[in-house]
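Chemist: Sharing data_23.json below, JSON, C-alpha atoms:
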```json
[["chain", "number", "residue", "atom", "x", "y", "z"],
["A", 1, "MET", "CA", -11.37, 9.67, 14.74],
["A", 2, "LYS", "CA", -8.61, 7.25, 15.78],
["A", 3, "ASN", "CA", -9.01, 4.90, 12.85],
["A", 4, "LYS", "CA", -9.61, 7.49, 10.13],
["A", 5, "LEU", "CA", -6.86, 5.92, 8.00],
["A", 6, "LEU", "CA", -8.58, 2.54, 8.16],
["A", 7, "TYR", "CA", -11.93, 4.18, 7.44],
["A", 8, "LEU", "CA", -10.57, 5.96, 4.35],
["A", 9, "LEU", "CA", -8.90, 2.82, 2.98],
["A", 10, "THR", "CA", -11.98, 0.71, 3.65],
["A", 11, "SER", "CA", -14.28, 3.23, 2.00],
["A", 12, "SER", "CA", -12.02, 3.34, -1.06],
["A", 13, "SER", "CA", -12.31, -0.43, -1.43],
["A", 14, "ASN", "CA", -16.10, -0.13, -1.51],
["A", 15, "GLN", "CA", -16.49, 2.94, -3.71],
["A", 16, "TRP", "CA", -14.85, 3.83, -7.01],
["A", 17, "LEU", "CA", -13.40, 7.32, -6.93],
["A", 18, "GLU", "CA", -13.24, 9.34, -10.12],
["A", 19, "ASP", "CA", -9.87, 10.77, -11.16],
["A", 20, "SER", "CA", -11.09, 14.25, -10.18],
["A", 21, "GLU", "CA", -11.72, 13.00, -6.60],
["A", 22, "LEU", "CA", -8.35, 11.33, -6.05],
["A", 23, "ASP", "CA", -6.25, 14.43, -5.25],
["A", 24, "ASN", "CA", -8.59, 15.51, -2.46],
["A", 25, "PHE", "CA", -8.87, 11.94, -1.15],
["A", 26, "ASN", "CA", -5.08, 11.59, -1.06],
["A", 27, "ILE", "CA", -4.70, 14.79, 0.95],
["A", 28, "HIS", "CA", -7.02, 13.31, 3.59],
["A", 29, "LEU", "CA", -5.28, 9.92, 3.36],
["A", 30, "ARG", "CA", -1.84, 11.41, 4.04],
["A", 31, "LYS", "CA", -3.17, 13.55, 6.90],
["A", 32, "ALA", "CA", -4.90, 10.54, 8.50],
["A", 33, "PHE", "CA", -1.67, 8.52, 8.17],
["A", 34, "LEU", "CA", 0.40, 11.20, 9.91],
["A", 35, "ASP", "CA", -2.27, 11.81, 12.56],
["A", 36, "GLN", "CA", -2.36, 8.12, 13.43],
["A", 37, "PHE", "CA", 1.37, 7.33, 13.26],
["A", 38, "SER", "CA", 2.93, 10.77, 14.00],
["A", 39, "ALA", "CA", 4.86, 13.12, 11.77],
["A", 40, "THR", "CA", 8.32, 11.63, 12.27],
["A", 41, "PRO", "CA", 10.83, 12.17, 9.46],
["A", 42, "ASP", "CA", 10.36, 8.57, 8.26],
["A", 43, "ASN", "CA", 6.57, 8.89, 8.28],
["A", 44, "ASN", "CA", 6.72, 12.23, 6.48],
["A", 45, "ASP", "CA", 8.81, 10.56, 3.77],
["A", 46, "THR", "CA", 6.31, 7.71, 3.52],
["A", 47, "ALA", "CA", 3.36, 10.11, 3.38],
["A", 48, "LYS", "CA", 4.84, 11.70, 0.26],
["A", 49, "TYR", "CA", 4.40, 8.36, -1.52],
["A", 50, "LEU", "CA", 1.09, 7.31, 0.03],
["A", 51, "ARG", "CA", -1.65, 7.64, -2.54],
["A", 52, "LEU", "CA", -4.66, 5.95, -3.99],
["A", 53, "GLY", "CA", -4.90, 5.73, -7.74],
["A", 54, "HIS", "CA", -6.06, 3.72, -10.72],
["A", 55, "PHE", "CA", -4.00, 1.07, -12.46],
["A", 56, "CYS", "CA", -4.72, -0.76, -15.70],
["A", 57, "ALA", "CA", -2.43, -3.69, -16.56],
["A", 58, "ASP", "CA", -3.75, -3.92, -20.10],
["A", 59, "SER", "CA", -6.91, -3.05, -21.97],
["A", 60, "ASP", "CA", -8.58, -6.42, -21.25],
["A", 61, "ASP", "CA", -8.27, -6.36, -17.45],
["A", 62, "GLY", "CA", -10.14, -3.18, -16.63],
["A", 63, "GLU", "CA", -8.95, -0.80, -13.94],
["A", 64, "THR", "CA", -8.01, -1.45, -10.34],
["A", 65, "GLN", "CA", -8.19, 1.23, -7.67],
["A", 66, "GLY", "CA", -5.67, 0.82, -4.89],
["A", 67, "LEU", "CA", -2.52, 2.06, -3.25],
["A", 68, "ILE", "CA", -0.03, 2.92, -5.98],
["A", 69, "MET", "CA", 3.65, 3.76, -6.21],
["A", 70, "GLY", "CA", 5.41, 5.99, -8.69],
["A", 71, "GLU", "CA", 4.30, 7.98, -11.68],
["A", 72, "GLU", "CA", 3.74, 4.69, -13.50],
["A", 73, "LYS", "CA", 1.06, 3.95, -10.91],
["A", 74, "HIS", "CA", 2.22, 0.45, -9.99],
["A", 75, "LEU", "CA", -0.07, -1.21, -7.45],
["A", 76, "VAL", "CA", 1.72, -1.68, -4.14],
["A", 77, "SER", "CA", 0.13, -5.14, -3.86],
["A", 78, "THR", "CA", 1.63, -6.15, -7.21],
["A", 79, "LEU", "CA", 5.08, -4.92, -6.19],
["A", 80, "LEU", "CA", 4.83, -6.99, -3.01],
["A", 81, "TRP", "CA", 3.59, -10.01, -4.99],
["A", 82, "THR", "CA", 6.59, -9.67, -7.31],
["A", 83, "ALA", "CA", 8.95, -9.71, -4.31],
["A", 84, "PHE", "CA", 7.24, -12.74, -2.77],
["A", 85, "GLY", "CA", 9.13, -16.02, -2.89],
["A", 86, "ASP", "CA", 12.57, -14.76, -3.81],
["A", 87, "SER", "CA", 13.41, -12.06, -1.31],
["A", 88, "GLU", "CA", 16.40, -12.36, 0.96],
["A", 89, "VAL", "CA", 15.93, -11.37, 4.57],
["A", 90, "PRO", "CA", 17.15, -7.76, 4.92],
["A", 91, "ALA", "CA", 20.18, -7.22, 7.17],
["A", 92, "PRO", "CA", 18.27, -5.13, 9.77],
["A", 93, "VAL", "CA", 15.72, -7.94, 10.13],
["A", 94, "ILE", "CA", 18.48, -10.53, 10.55],
["A", 95, "GLU", "CA", 20.16, -8.33, 13.18],
["A", 96, "ASN", "CA", 16.95, -7.97, 15.21],
["A", 97, "TYR", "CA", 15.32, -11.35, 14.46],
["A", 98, "PRO", "CA", 18.10, -13.82, 13.60],
["A", 99, "GLU", "CA", 15.70, -16.76, 13.83],
["A", 100, "ILE", "CA", 13.61, -15.55, 10.84],
["A", 101, "SER", "CA", 14.26, -17.74, 7.83],
["A", 102, "LYS", "CA", 14.05, -16.71, 4.18],
["A", 103, "GLU", "CA", 10.82, -18.71, 3.89],
["A", 104, "GLN", "CA", 9.31, -16.93, 6.89],
["A", 105, "TRP", "CA", 10.41, -13.55, 5.53],
["A", 106, "ASN", "CA", 8.71, -14.28, 2.23],
["A", 107, "GLN", "CA", 5.53, -15.17, 4.09],
["A", 108, "VAL", "CA", 5.71, -11.76, 5.81],
["A", 109, "ILE", "CA", 5.80, -10.19, 2.34],
["A", 110, "ARG", "CA", 2.84, -12.34, 1.25],
["A", 111, "ILE", "CA", 0.80, -11.34, 4.31],
["A", 112, "ALA", "CA", 1.58, -7.67, 3.64],
["A", 113, "GLN", "CA", 0.56, -8.14, -0.01],
["A", 114, "ILE", "CA", -2.78, -9.66, 1.01],
["A", 115, "ALA", "CA", -3.40, -6.90, 3.57],
["A", 116, "VAL", "CA", -2.76, -4.17, 0.99],
["A", 117, "GLN", "CA", -4.86, -5.95, -1.64],
["A", 118, "LEU", "CA", -7.86, -5.94, 0.71],
["A", 119, "PHE", "CA", -8.19, -2.21, 0.05],
["A", 120, "GLU", "CA", -8.37, -2.55, -3.74],
["A", 121, "ASN", "CA", -11.45, -2.13, -5.87],
["A", 122, "GLU", "CA", -12.03, -3.10, -9.48],
["A", 123, "LYS", "CA", -14.08, -1.15, -11.96]]
```
Would you mind writing the file out in structure tokens?
Modeler:
Amino acid sequence: MKNKLLYLLTSSSNQWLEDSELDNFNIHLRKAFLDQFSATPDNNDTAKYLRLGHFCADSDDGETQGLIMGEEKHLVSTLLWTAFGDSEVPAPVIENYPEISKEQWNQVIRIAQIAVQLFENEK
């Protein structure tokens, strides 16, 4: 299936997975990622960090299921949201796209944040 990665992420946004199901799901998620984008060294490094998990900001908010980063299980969408608005354009972007302004770069981050957040699910 060409879009297995998209299928897995979409299904996770529509169905809450129990903690006991996450390890198996993440194995399939990483495999689908590498199958779709190839097992280059950069992609292999990214696959090590690609995982779905549960995040709870505090006891009043409930849990959110989504792509997470680190043992602290920070939502990737929240990390992107935090970067939005105050991020300088990285040097490699300036070198390849010198016309991109800081404002435009921050909108790229916002669009990425929204795209990642689409795959979240709240309990």
Chemist: Just how far from CA of Glu21 (chain A) is CA of Ala57 (chain A), in Å to one decimal?
Modeler: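 Going from CA of Ala57 (chain A) over to CA of Glu21 (chain A), I get 21.5 Å.
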Chemist: Could you check how far CA of Asn121 (chain A) sits from CA of Asn44 (chain A), in Å to one decimal?
Modeler: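 It comes out at 26.2 Å.
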Chemist: May I ask for the distance between CA of Trp81 (chain A) and CA of Leu34 (chain A), given in Å to one decimal place?
Modeler: 26.1 Å
Chemist: Around all the atoms of region 6-18 of chain A listed in the file, with 4 Å of room on each side, what axis-aligned box do you get, giving centre and edge lengths in Å to one decimal, as JSON?
Modeler:
```
{"center_x": -12.5, "center_y": 4.5, "center_z": -1.0, "size_x": 15.9, "size_y": 17.8, "size_z": 26.3}
```
Chemist: Name the closest residue to Leu5 (chain A) among the candidates A:His28, A:His74, A:Lys48, A:His54; distances are taken between atoms, counting only C-alpha atoms.
Modeler: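 Counting only C-alpha atoms, the residue closest to Leu5 (chain A) is A:His28.
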Chemist: So which one's closest to Arg110 (chain A), A:Gln65, A:Gln15, A:Ser77, A:Ser38? Using all atoms listed in the file, please.
Modeler: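 Once distances to Arg110 (chain A) are computed over all atoms listed in the file, the minimum belongs to A:Ser77.
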Chemist: So which one's closest to Ala115 (chain A), A:Pro92, A:Gly53, A:Pro98, A:Gly66? Using all atoms listed in the file, please.
Modeler: A:Gly66
Chemist: Extract, using all atoms listed in the file, all DNA, RNA and protein residues at most 10 Å from Phe55 (chain A), discarding same-chain residues fewer than 4 positions from it, and format them as a list in words.
Modeler: Asp61, Gly62, Glu63, Thr64, Gln65, Gly66, Leu67, Ile68, Glu72, Lys73, His74, Leu75 and Glu122 of chain A
Chemist: Within 12 Å of (-7.0, 13.1, -0.4), in the coordinates the file gives, what residues turn up when you count all atoms listed in the file, written out as a ChimeraX atom specification?
Modeler: /A:5,8-9,12,17,19-33,47-48,50-53
Chemist: Using only C-alpha atoms, which residue out of A:Ile100, A:Gly70, A:Asn106, A:Trp16 lies closest to Gly85 (chain A)?
Modeler: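 The shortest atom-to-atom distance to Gly85 (chain A) comes from A:Asn106.
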Chemist: Measuring atom to atom with all atoms listed in the file, identify which of A:Gln36, A:Ser87, A:Thr78, A:Thr46 is nearest to Glu103 (chain A).
Modeler: A:Ser87
Chemist: Considering all atoms listed in the file, state which residue in the set A:Tyr97, A:Ala83, A:Leu6, A:Glu88 is at the smallest distance from Gln113 (chain A).
Modeler: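 Among the listed residues, the smallest separation from Gln113 (chain A) belongs to A:Ala83.
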